[in-house]
>>> print(open('my_file_23.tsv').read())   # TSV, C-alpha atoms
chain	number	residue	atom	x	y	z
Z	1	MET	CA	189.15	82.00	70.52
Z	2	LEU	CA	187.26	84.33	68.26
Z	3	ALA	CA	188.15	83.74	64.63
Z	4	THR	CA	186.72	84.89	61.31
Z	5	LEU	CA	186.13	82.34	58.59
Z	6	LEU	CA	186.27	83.70	55.07
Z	7	THR	CA	185.50	81.03	52.50
Z	8	ARG	CA	185.63	82.02	48.85
Z	9	LYS	CA	187.49	81.07	45.68
Z	10	LEU	CA	190.99	82.32	44.97
Z	11	ALA	CA	191.65	84.08	41.65
Z	12	PRO	CA	192.68	83.26	39.01
Z	13	ARG	CA	192.41	79.56	39.75
Z	14	PHE	CA	189.04	80.05	41.39
Z	15	ALA	CA	186.33	82.43	40.28
Z	16	ALA	CA	186.39	85.77	42.10
Z	17	MET	CA	183.39	86.23	44.37
Z	18	ALA	CA	182.14	88.97	46.65
Z	19	VAL	CA	183.40	89.16	50.21
Z	20	GLY	CA	179.98	89.12	51.82
Z	21	ALA	CA	181.16	86.70	54.47
Z	22	PHE	CA	183.45	89.44	55.81
Z	23	ALA	CA	180.50	91.56	56.91
Z	24	LEU	CA	178.86	88.68	58.78
Z	25	ALA	CA	182.12	87.71	60.46
Z	26	SER	CA	182.84	91.26	61.57
Z	27	LEU	CA	179.65	91.37	63.63
Z	28	ALA	CA	181.28	89.16	66.24
Z	29	GLY	CA	182.93	92.16	67.82
Z	30	ALA	CA	185.78	92.15	70.32
Z	31	PRO	CA	187.35	88.94	71.65
Z	32	PHE	CA	186.05	87.52	74.89
Z	33	ALA	CA	187.36	85.09	77.47
Z	34	ARG	CA	185.45	81.91	78.21
Z	35	ALA	CA	186.32	79.34	80.84
Z	36	GLU	CA	186.97	75.81	79.64
Z	37	ARG	CA	186.92	72.59	81.60
Z	38	ILE	CA	190.26	70.86	81.96
Z	39	LYS	CA	188.57	67.79	80.44
Z	40	ASP	CA	188.02	69.74	77.20
Z	41	ILE	CA	191.56	71.10	76.80
Z	42	ALA	CA	193.80	68.34	78.21
Z	43	THR	CA	194.21	64.58	78.35
Z	44	ILE	CA	195.70	62.24	80.94
Z	45	GLY	CA	199.20	61.10	80.04
Z	46	GLY	CA	199.35	57.40	79.18
Z	47	VAL	CA	195.60	57.12	78.63
Z	48	ARG	CA	195.51	56.70	74.86
Z	49	SER	CA	194.08	54.61	72.07
Z	50	ASN	CA	196.08	52.10	70.05
Z	51	GLN	CA	195.93	51.38	66.33
Z	52	LEU	CA	195.12	47.90	65.04
Z	53	VAL	CA	195.47	46.53	61.52
Z	54	GLY	CA	194.70	43.27	59.76
Z	55	TYR	CA	194.45	41.64	56.33
Z	56	GLY	CA	191.27	39.91	55.21
Z	57	LEU	CA	188.88	39.01	52.43
Z	58	VAL	CA	185.52	40.56	51.52
Z	59	VAL	CA	183.25	38.08	49.74
Z	60	GLY	CA	179.79	38.24	48.19
Z	61	LEU	CA	180.50	41.10	45.79
Z	62	ASN	CA	178.48	41.40	42.59
Z	63	GLY	CA	181.38	41.11	40.16
Z	64	THR	CA	183.10	44.22	41.54
Z	65	GLY	CA	185.94	42.41	43.30
Z	66	ASP	CA	189.59	41.96	42.34
Z	67	GLN	CA	190.50	40.84	38.83
Z	68	THR	CA	192.27	37.50	38.46
Z	69	THR	CA	195.26	38.85	36.54
Z	70	MET	CA	195.69	41.95	38.68
Z	71	ALA	CA	195.46	40.53	42.22
Z	72	PRO	CA	197.51	37.32	42.61
Z	73	PHE	CA	197.56	37.79	46.40
Z	74	THR	CA	193.75	37.50	46.41
Z	75	MET	CA	193.96	34.11	44.69
Z	76	GLN	CA	196.62	32.97	47.14
Z	77	SER	CA	194.48	34.07	50.08
Z	78	ILE	CA	191.47	32.16	48.74
Z	79	GLN	CA	193.54	29.02	48.28
Z	80	ASN	CA	194.91	29.26	51.82
Z	81	LEU	CA	191.41	29.86	53.20
Z	82	LEU	CA	189.90	26.87	51.38
Z	83	LEU	CA	192.82	24.69	52.43
Z	84	LYS	CA	191.93	25.31	56.10
Z	85	PHE	CA	188.48	23.89	55.39
Z	86	GLY	CA	189.88	20.83	53.64
Z	87	VAL	CA	189.24	22.06	50.10
Z	88	THR	CA	192.19	21.63	47.73
Z	89	ILE	CA	192.27	23.51	44.43
Z	90	PRO	CA	193.82	21.44	41.62
Z	91	PRO	CA	197.09	22.77	40.14
Z	92	ASN	CA	196.96	25.03	37.09
Z	93	THR	CA	193.47	26.10	38.07
Z	94	ASN	CA	192.64	29.76	37.73
Z	95	PRO	CA	189.52	30.44	39.82
Z	96	MET	CA	187.54	33.61	39.19
Z	97	VAL	CA	187.78	36.10	42.04
Z	98	ASN	CA	185.44	38.81	40.74
Z	99	ASN	CA	183.26	38.43	43.82
Z	100	VAL	CA	186.17	38.59	46.28
Z	101	ALA	CA	188.39	41.50	47.31
Z	102	ALA	CA	191.53	41.57	49.42
Z	103	VAL	CA	191.27	44.33	52.03
Z	104	THR	CA	193.04	45.90	54.94
Z	105	VAL	CA	191.06	46.26	58.15
Z	106	THR	CA	191.94	49.03	60.60
Z	107	ALA	CA	190.55	50.05	63.98
Z	108	ASP	CA	191.34	52.15	67.04
Z	109	LEU	CA	191.42	50.31	70.35
Z	110	PRO	CA	190.17	52.76	73.02
Z	111	PRO	CA	191.83	52.90	76.44
Z	112	PHE	CA	190.47	50.65	79.20
Z	113	VAL	CA	188.39	48.61	76.72
Z	114	LYS	CA	187.73	45.08	77.96
Z	115	PRO	CA	187.49	41.70	76.19
Z	116	GLY	CA	184.03	41.08	74.79
Z	117	GLN	CA	183.35	44.72	73.96
Z	118	THR	CA	183.01	45.74	70.32
Z	119	ILE	CA	184.68	48.50	68.30
Z	120	ASP	CA	184.15	49.94	64.81
Z	121	VAL	CA	186.43	48.92	61.95
Z	122	THR	CA	187.28	50.45	58.57
Z	123	VAL	CA	187.74	48.25	55.51
Z	124	GLY	CA	189.72	49.34	52.44
Z	125	SER	CA	190.55	47.53	49.19
Z	126	ILE	CA	194.23	46.93	48.42
Z	127	GLY	CA	193.64	45.46	44.96
Z	128	ASP	CA	191.69	46.71	41.96
Z	129	ALA	CA	188.21	46.03	43.33
Z	130	GLN	CA	185.69	48.52	41.99
Z	131	SER	CA	183.32	48.43	44.95
Z	132	LEU	CA	182.85	46.70	48.31
Z	133	ARG	CA	179.11	47.36	48.39
Z	134	GLY	CA	177.15	44.31	49.53
Z	135	GLY	CA	180.27	42.45	50.65
Z	136	VAL	CA	180.91	40.53	53.87
Z	137	LEU	CA	184.23	40.60	55.67
Z	138	LEU	CA	185.43	37.16	56.73
Z	139	MET	CA	186.95	36.61	60.16
Z	140	THR	CA	190.06	38.81	60.35
Z	141	SER	CA	192.59	39.11	63.16
Z	142	LEU	CA	193.54	42.65	64.12
Z	143	ARG	CA	197.06	43.07	65.46
Z	144	GLY	CA	198.82	45.85	67.32
Z	145	ALA	CA	202.32	47.23	66.85
Z	146	ASP	CA	203.67	44.38	69.01
Z	147	GLY	CA	202.25	41.74	66.66
Z	148	GLN	CA	199.70	40.46	69.20
Z	149	VAL	CA	196.05	39.89	68.25
Z	150	TYR	CA	193.81	42.32	70.15
Z	151	ALA	CA	190.53	41.98	68.25
Z	152	VAL	CA	188.76	39.86	65.64
Z	153	ALA	CA	186.61	41.51	62.96
Z	154	GLN	CA	183.79	40.14	60.81
Z	155	GLY	CA	180.54	41.42	59.33
Z	156	SER	CA	178.76	43.19	56.49
Z	157	VAL	CA	180.55	46.20	54.99
Z	158	LEU	CA	178.62	49.47	54.78
Z	159	VAL	CA	179.68	51.58	51.78
Z	160	SER	CA	178.48	55.16	51.31
Z	161	GLY	CA	179.62	55.51	47.68
Z	162	PHE	CA	178.76	53.71	44.46
Z	163	GLY	CA	180.16	53.31	40.97
Z	164	VAL	CA	178.40	52.72	37.64
Z	165	SER	CA	180.21	52.03	34.36
Z	166	GLY	CA	179.07	51.55	30.77
Z	167	LYS	CA	180.34	49.27	28.01
Z	168	ASP	CA	181.93	52.23	26.24
Z	169	GLY	CA	184.21	52.85	29.24
Z	170	SER	CA	182.25	55.75	30.72
Z	171	LYS	CA	181.68	55.65	34.47
Z	172	ILE	CA	180.16	57.61	37.32
Z	173	ILE	CA	181.61	57.29	40.82
Z	174	LEU	CA	180.14	58.88	43.95
Z	175	ASN	CA	182.41	59.12	47.01
Z	176	VAL	CA	184.75	56.13	47.42
Z	177	PRO	CA	183.02	52.75	46.97
Z	178	SER	CA	186.28	50.82	47.49
Z	179	SER	CA	186.23	51.42	51.25
Z	180	GLY	CA	183.62	51.10	53.97
Z	181	ARG	CA	182.94	50.61	57.67
Z	182	ILE	CA	181.55	47.90	59.92
Z	183	PRO	CA	179.97	49.45	63.04
Z	184	ASN	CA	180.78	47.30	66.07
Z	185	GLY	CA	182.43	44.94	63.63
Z	186	ALA	CA	185.28	43.75	65.85
Z	187	THR	CA	185.24	42.00	69.21
Z	188	VAL	CA	188.04	42.83	71.62
Z	189	GLU	CA	190.04	39.76	72.67
Z	190	ARG	CA	192.89	41.30	74.67
Z	191	THR	CA	193.36	44.39	76.84
Z	192	VAL	CA	196.25	46.83	76.66
Z	193	PRO	CA	197.97	47.20	80.05
Z	194	MET	CA	197.39	50.67	81.52
Z	195	HIS	CA	199.56	51.72	84.47
Z	196	PHE	CA	197.05	54.32	85.52
Z	197	ASP	CA	197.47	53.88	89.28
Z	198	ALA	CA	201.11	52.80	89.48
Z	199	ASP	CA	202.65	56.27	89.72
Z	200	PRO	CA	202.04	58.71	92.60
Z	201	HIS	CA	201.75	61.45	89.99
Z	202	LEU	CA	199.63	61.87	86.88
Z	203	VAL	CA	200.43	64.13	83.96
Z	204	LEU	CA	197.95	66.35	82.13
Z	205	ASN	CA	198.87	67.04	78.50
Z	206	LEU	CA	197.31	70.09	76.85
Z	207	ASP	CA	195.77	69.58	73.41
Z	208	THR	CA	197.26	72.91	72.27
Z	209	PRO	CA	200.69	73.84	73.66
Z	210	ASP	CA	200.56	77.16	75.48
Z	211	PHE	CA	202.61	78.40	78.45
Z	212	THR	CA	199.81	80.66	79.67
Z	213	THR	CA	197.23	77.87	79.63
Z	214	ALA	CA	199.64	75.53	81.43
Z	215	ALA	CA	200.18	78.15	84.15
Z	216	HIS	CA	196.43	78.73	84.50
Z	217	VAL	CA	195.72	74.98	84.79
Z	218	SER	CA	198.39	74.56	87.46
Z	219	ALA	CA	197.13	77.57	89.42
Z	220	ALA	CA	193.49	76.41	89.23
Z	221	ILE	CA	194.34	72.93	90.53
Z	222	ASN	CA	196.47	74.36	93.36
Z	223	LYS	CA	193.69	76.74	94.32
Z	224	LEU	CA	191.20	73.90	94.68
Z	225	LEU	CA	193.40	71.10	96.04
Z	226	GLY	CA	196.14	73.00	97.81
Z	227	ASN	CA	199.49	74.55	96.96
Z	228	GLY	CA	202.08	72.18	95.54
Z	229	THR	CA	199.51	69.77	94.12
Z	230	ALA	CA	200.17	70.73	90.49
Z	231	GLU	CA	203.35	71.83	88.73
Z	232	ALA	CA	203.63	73.01	85.11
Z	233	LEU	CA	206.55	71.19	83.48
Z	234	ASP	CA	206.43	72.94	80.09
Z	235	ALA	CA	203.94	74.38	77.60
Z	236	VAL	CA	202.15	71.02	77.33
Z	237	SER	CA	202.50	69.00	80.54
Z	238	ILE	CA	201.28	69.64	84.11
Z	239	ARG	CA	202.29	67.11	86.76
Z	240	VAL	CA	199.73	66.54	89.50
Z	241	THR	CA	200.13	64.62	92.74
Z	242	ALA	CA	197.44	61.95	92.98
Z	243	PRO	CA	196.47	59.11	95.33
Z	244	THR	CA	197.51	55.60	94.34
Z	245	ASP	CA	194.32	53.91	95.53
Z	246	PRO	CA	192.25	53.18	92.37
Z	247	ASN	CA	188.90	54.26	93.86
Z	248	GLN	CA	190.28	57.52	95.22
Z	249	ARG	CA	192.25	58.18	92.05
Z	250	ILE	CA	189.17	57.89	89.80
Z	251	ALA	CA	187.21	60.40	91.89
Z	252	TYR	CA	190.30	62.62	92.11
Z	253	VAL	CA	190.74	62.74	88.32
Z	254	SER	CA	187.01	63.36	87.86
Z	255	GLU	CA	187.20	66.39	90.16
Z	256	ILE	CA	190.26	67.76	88.33
Z	257	GLU	CA	188.62	67.36	84.92
Z	258	GLY	CA	185.67	69.48	86.03
Z	259	ILE	CA	187.78	72.51	87.03
Z	260	ASP	CA	187.15	75.60	84.89
Z	261	VAL	CA	190.23	77.31	83.46
Z	262	ASP	CA	190.67	80.45	81.36
Z	263	PRO	CA	192.93	79.30	78.50
Z	264	GLY	CA	195.59	81.59	77.15
Z	265	VAL	CA	194.88	83.71	74.09
Z	266	ALA	CA	196.03	81.99	70.93
Z	267	PRO	CA	198.86	83.60	68.90
Z	268	ALA	CA	197.92	86.01	66.14
Z	269	ARG	CA	197.69	83.96	62.96
Z	270	VAL	CA	196.32	84.28	59.45
Z	271	ILE	CA	195.65	80.84	57.92
Z	272	ILE	CA	195.24	80.62	54.13
Z	273	ASN	CA	194.14	77.45	52.34
Z	274	SER	CA	195.45	77.92	48.81
Z	275	ARG	CA	193.33	75.04	47.46
Z	276	THR	CA	189.89	76.05	48.71
Z	277	GLY	CA	190.33	79.78	49.19
Z	278	THR	CA	189.54	79.62	52.91
Z	279	VAL	CA	191.01	82.48	54.95
Z	280	VAL	CA	190.93	82.42	58.76
Z	281	ILE	CA	192.04	85.52	60.69
Z	282	SER	CA	192.41	85.21	64.45
Z	283	SER	CA	191.10	87.96	66.70
Z	284	GLU	CA	194.58	89.02	67.86
Z	285	VAL	CA	195.80	90.06	64.39
Z	286	ARG	CA	197.00	93.68	64.34
Z	287	VAL	CA	198.21	95.93	61.53
Z	288	MET	CA	200.60	98.84	61.85
Z	289	ALA	CA	200.08	102.09	59.95
Z	290	ALA	CA	200.13	101.35	56.20
Z	291	ALA	CA	198.56	102.57	52.95
Z	292	VAL	CA	197.36	99.95	50.46
Z	293	ALA	CA	196.45	100.39	46.80
Z	294	HIS	CA	195.04	97.38	45.00
Z	295	GLY	CA	193.70	96.95	41.48
Z	296	SER	CA	193.46	94.25	38.84
Z	297	LEU	CA	194.11	93.93	35.09
Z	298	SER	CA	191.82	91.72	32.99
Z	299	VAL	CA	192.84	90.62	29.46
Z	300	THR	CA	190.29	88.80	27.25
Z	301	ILE	CA	191.25	87.22	23.91
Z	302	THR	CA	188.44	86.09	21.58
Z	303	GLU	CA	189.09	83.93	18.54
Z	304	ARG	CA	186.60	83.72	15.66
Z	305	GLU	CA	186.62	82.77	11.97
Z	306	ASP	CA	185.08	84.73	9.09
Z	307	VAL	CA	183.93	82.74	6.05
Z	308	SER	CA	184.01	84.40	2.57
Z	309	GLN	CA	181.74	82.72	-0.02
Z	310	PRO	CA	182.14	83.29	-3.84
Z	311	THR	CA	179.20	84.74	-5.78
Z	312	ALA	CA	176.92	82.52	-7.84
Z	313	LEU	CA	178.23	83.99	-11.15
Z	314	SER	CA	181.91	83.79	-10.30
Z	315	GLN	CA	184.11	81.32	-12.18
Z	316	GLY	CA	186.52	79.21	-10.11
Z	317	GLY	CA	185.69	81.00	-6.88
Z	318	GLN	CA	186.70	79.39	-3.56
Z	319	THR	CA	185.41	79.58	-0.01
Z	320	ILE	CA	187.99	81.27	2.22
Z	321	VAL	CA	188.11	81.04	6.02
Z	322	THR	CA	189.81	84.03	7.64
Z	323	PRO	CA	190.71	83.89	11.36
Z	324	ARG	CA	190.12	87.05	13.38
Z	325	SER	CA	191.26	87.76	16.92
Z	326	SER	CA	190.05	90.46	19.25
Z	327	ILE	CA	191.81	91.50	22.45
Z	328	ASP	CA	190.03	93.40	25.19
Z	329	VAL	CA	191.96	94.87	28.13
Z	330	LYS	CA	190.18	96.17	31.21
Z	331	GLN	CA	191.93	97.86	34.09
Z	332	ALA	CA	189.86	97.95	37.25
Z	333	ASP	CA	189.96	101.05	39.38
Z	334	ALA	CA	192.77	100.82	41.95
Z	335	HIS	CA	191.31	101.33	45.41
Z	336	MET	CA	193.50	102.81	48.09
Z	337	PHE	CA	192.86	102.68	51.79
Z	338	VAL	CA	194.86	103.42	54.91
Z	339	PHE	CA	195.34	101.24	57.98
Z	340	ARG	CA	196.18	103.18	61.09
Z	341	ALA	CA	198.41	101.70	63.77
Z	342	GLY	CA	196.82	99.00	65.92
Z	343	VAL	CA	193.96	98.18	63.57
Z	344	ASN	CA	192.07	95.09	64.79
Z	345	LEU	CA	190.21	92.32	63.00
Z	346	ASP	CA	186.90	94.16	62.77
Z	347	GLU	CA	188.49	97.19	61.08
Z	348	ILE	CA	190.49	95.02	58.65
Z	349	VAL	CA	187.32	93.29	57.48
Z	350	ARG	CA	185.42	96.57	57.18
Z	351	ALA	CA	188.19	98.19	55.09
Z	352	VAL	CA	188.37	95.22	52.70
Z	353	ASN	CA	184.57	95.22	52.33
Z	354	GLN	CA	184.50	98.92	51.46
Z	355	VAL	CA	186.79	98.46	48.44
Z	356	GLY	CA	184.95	95.34	47.28
Z	357	ALA	CA	188.01	93.09	47.32
Z	358	ALA	CA	187.66	89.38	46.63
Z	359	PRO	CA	189.32	86.74	48.86
Z	360	GLY	CA	192.15	86.42	46.35
Z	361	ASP	CA	192.75	90.16	46.69
Z	362	LEU	CA	192.70	89.84	50.48
Z	363	VAL	CA	195.44	87.21	50.34
Z	364	ALA	CA	197.59	89.45	48.17
Z	365	ILE	CA	197.04	92.40	50.54
Z	366	LEU	CA	197.95	90.35	53.63
Z	367	GLU	CA	201.11	88.98	51.99
Z	368	ALA	CA	202.17	92.49	50.98
Z	369	LEU	CA	201.51	93.80	54.50
Z	370	GLN	CA	203.66	91.05	55.98
Z	371	GLN	CA	206.52	91.81	53.60
Z	372	ALA	CA	206.26	95.47	54.59
Z	373	GLY	CA	206.48	94.53	58.27
Z	374	ALA	CA	203.05	96.01	58.99
Z	375	LEU	CA	201.22	92.73	59.73
Z	376	HIS	CA	201.72	91.56	63.31
Z	377	ALA	CA	200.72	87.94	62.81
Z	378	GLN	CA	202.00	84.64	61.49
Z	379	LEU	CA	200.95	84.13	57.88
Z	380	ILE	CA	200.51	80.40	57.33
Z	381	VAL	CA	199.64	78.89	53.93
Z	382	ILE	CA	198.31	75.32	53.95
>>> encode(input="my_file_23.tsv", output="structure tokens")
Amino acid sequence: MLATLLTRKLAPRFAAMAVGAFALASLAGAPFARAERIKDIATIGGVRSNQLVGYGLVVGLNGTGDQTTMAPFTMQSIQNLLLKFGVTIPPNTNPMVNNVAAVTVTADLPPFVKPGQTIDVTVGSIGDAQSLRGGVLLMTSLRGADGQVYAVAQGSVLVSGFGVSGKDGSKIILNVPSSGRIPNGATVERTVPMHFDADPHLVLNLDTPDFTTAAHVSAAINKLLGNGTAEALDAVSIRVTAPTDPNQRIAYVSEIEGIDVDPGVAPARVIINSRTGTVVISSEVRVMAAAVAHGSLSVTITEREDVSQPTALSQGGQTIVTPRSSIDVKQADAHMFVFRAGVNLDEIVRAVNQVGAAPGDLVAILEALQQAGALHAQLIVI
């Protein structure tokens, strides 16, 4: 769907900037329909990834690991690890763990993955380690929601960030050095059962719920494979009759995924990100007849101190500091413009550009139009 991305800073929290992006976005023109493959807008029901998680140790750090007093679980993990190798730590011994960090290891197990294949893992510190750069993850079991081990991870941790600190407490940190990734760092040990060919039907689930798209997908499949093959169950799911033979079913699904479908037009929405100042206006936004006047008031207060020095011949003179404040008030010209009934996205952008409104002003105008009942769109603030 055609959408206009307006990224600027919101006032007063963000500095007001020109709305030059409006002019570029408005060149897109009227909305157009484009066919999408079913593969790009829907997934097969039951064919999904599964989350894995594990607890492990990263060793080989250059003094950036967990602190002894702050991470007792790291010490316990080291003791348990050494005990497996026949090394017993004497009681009342407090080993240094600066080069070791306790971490959680997470991964997504893709569907149909087989034992022996490798997957990427993400490593994150759960203690007070400053950085995992240069560390090596020891063998870690990754478990699923059922408690079974599905993969085993191990390898060198790649960290994109770094941290540097001085003796006076000052520090510079780029990105997040306390987490990293291990590409192909886990080996799959167990498969997740997939009942892909057990049911005489398969279900297509749309990525974006839409009744129109569901109807179009069902009609396109029936047109190619015969009436009654597909049935739309709701705004998300389409049930399709499919052969139970695995070889035929794979080819059948491949043919369905390649069918082109015209998705339904998305609802009219205006999305506002209050933190970044991003404003996204969908192409279906319409405005009823309305007149808008918008201006801004700027108040500037300047504080300064005047110093009065006594003359050289004065007796007992004193230096006096006198504070002085100056207040400057500026009222910007209030621009007024009129929206006629049925105004589309291109005309909204052009009208806002003509009055030189900033993105913060645009947000205020859209909110006021919605309260007046003149904005035919959902106004969503994220």
>>> atom_distance(input="my_file_23.tsv", atom1="atom CA of Z:Thr208", atom2="atom CA of Z:Gly228")
23.8 Å
>>> residues_around(input="my_file_23.tsv", residues="Z:Glu367", least_positions_apart="5", cutoff="12 Å", atoms="only C-alpha atoms", output="CSV table (one decimal) with C-alpha atoms, in the coordinates of the input")
chain,number,residue,atom,x,y,z
Z,270,VAL,CA,196.3,84.3,59.4
Z,271,ILE,CA,195.6,80.8,57.9
Z,272,ILE,CA,195.2,80.6,54.1
Z,292,VAL,CA,197.4,100.0,50.5
Z,360,GLY,CA,192.2,86.4,46.4
Z,361,ASP,CA,192.8,90.2,46.7
Z,362,LEU,CA,192.7,89.8,50.5
Z,372,ALA,CA,206.3,95.5,54.6
Z,373,GLY,CA,206.5,94.5,58.3
Z,374,ALA,CA,203.0,96.0,59.0
Z,375,LEU,CA,201.2,92.7,59.7
Z,376,HIS,CA,201.7,91.6,63.3
Z,377,ALA,CA,200.7,87.9,62.8
Z,378,GLN,CA,202.0,84.6,61.5
Z,379,LEU,CA,201.0,84.1,57.9
Z,380,ILE,CA,200.5,80.4,57.3
Z,381,VAL,CA,199.6,78.9,53.9
>>> closest_residue(input="my_file_23.tsv", among="Z:Arg133, Z:Arg37, Z:Lys114, Z:Arg143", to="Z:Tyr55", atoms="only C-alpha atoms")
Z:Arg143
>>> atom_distance(input="my_file_23.tsv", atom1="atom CA of Z:Gly65", atom2="atom CA of Z:Pro183")
21.8 Å
>>> closest_residue(input="my_file_23.tsv", among="Z:Val217, Z:Ala107, Z:Leu233, Z:Val279", to="Z:Arg181", atoms="all atoms listed in the file")
Z:Ala107
>>> residues_around(input="my_file_23.tsv", residues="Z:Leu224", least_positions_apart="4", cutoff="9 Å", atoms="all atoms listed in the file", output="ChimeraX atom specification")
/Z:219-220,256,259
>>> closest_residue(input="my_file_23.tsv", among="Z:Val152, Z:Val121, Z:Val58, Z:Leu206", to="Z:Leu137", atoms="only C-alpha atoms")
Z:Val58
>>> residues_around(input="my_file_23.tsv", residues="Z:Val105", least_positions_apart="4", cutoff="8 Å", atoms="only C-alpha atoms", output="JSON, numbers by chain")
{"Z": [53, 54, 55, 56, 121, 122, 123, 124, 140, 142]}
>>> atom_distance(input="my_file_23.tsv", atom1="atom CA of Z:Ile44", atom2="atom CA of Z:Val149")
25.7 Å
>>> axis_aligned_box(input="my_file_23.tsv", around="stretch 251-257 of chain Z", padding_each_side="8 Å", output="lines of an AutoDock Vina configuration file")
center_x = 188.9
center_y = 64.1
center_z = 88.5
size_x = 19.7
size_y = 23.4
size_z = 23.2
>>> residues_around(input="my_file_23.tsv", residues="Z:Val236", least_positions_apart="5", cutoff="9 Å", atoms="only C-alpha atoms", output="PyMOL selection string")
chain Z and resi 42+204-211+213-214
>>> decode(input="my_file_23.tsv", residues="stretch 240-283 of chain Z", atoms="C-alpha atoms", output="short mmCIF file (atom, residue, chain, number, x, y, z; two decimals), in the first residue's frame")
data_model
loop_
_atom_site.label_atom_id
_atom_site.label_comp_id
_atom_site.auth_asym_id
_atom_site.auth_seq_id
_atom_site.Cartn_x
_atom_site.Cartn_y
_atom_site.Cartn_z
CA VAL Z 240 -7.49 -25.55 1.35
CA THR Z 241 -8.07 -29.17 0.37
CA ALA Z 242 -4.74 -30.86 -0.26
CA PRO Z 243 -3.44 -34.34 -1.11
CA THR Z 244 -2.04 -36.42 1.75
CA ASP Z 245 0.80 -37.95 -0.26
CA PRO Z 246 3.99 -36.07 0.80
CA ASN Z 247 5.41 -35.74 -2.73
CA GLN Z 248 2.16 -34.46 -4.19
CA ARG Z 249 1.54 -32.19 -1.22
CA ILE Z 250 4.91 -30.43 -1.58
CA ALA Z 251 4.31 -29.68 -5.26
CA TYR Z 252 0.72 -28.67 -4.46
CA VAL Z 253 1.79 -26.14 -1.82
CA SER Z 254 4.50 -24.81 -4.13
CA GLU Z 255 1.92 -24.14 -6.83
CA ILE Z 256 -0.42 -22.40 -4.36
CA GLU Z 257 2.36 -20.17 -3.02
CA GLY Z 258 3.09 -18.90 -6.53
CA ILE Z 259 -0.46 -17.67 -7.20
CA ASP Z 260 -0.74 -13.90 -7.60
CA VAL Z 261 -3.42 -12.17 -5.52
CA ASP Z 262 -4.56 -8.56 -5.30
CA PRO Z 263 -4.59 -7.85 -1.54
CA GLY Z 264 -7.29 -5.69 -0.04
CA VAL Z 265 -6.65 -2.01 0.52
CA ALA Z 266 -5.42 -1.35 4.04
CA PRO Z 267 -7.63 0.73 6.39
CA ALA Z 268 -7.07 4.47 6.50
CA ARG Z 269 -4.62 5.11 9.30
CA VAL Z 270 -2.36 7.89 10.55
CA ILE Z 271 0.51 6.49 12.65
CA ILE Z 272 2.40 8.90 14.92
CA ASN Z 273 5.57 7.94 16.79
CA SER Z 274 5.69 10.42 19.67
CA ARG Z 275 9.32 9.54 20.50
CA THR Z 276 10.94 9.99 17.09
CA GLY Z 277 8.51 12.33 15.39
CA THR Z 278 7.75 9.87 12.58
CA VAL Z 279 4.37 10.39 10.92
CA VAL Z 280 2.98 7.83 8.46
CA ILE Z 281 -0.21 8.65 6.53
CA SER Z 282 -1.79 5.86 4.49
CA SER Z 283 -3.07 6.59 1.00
#
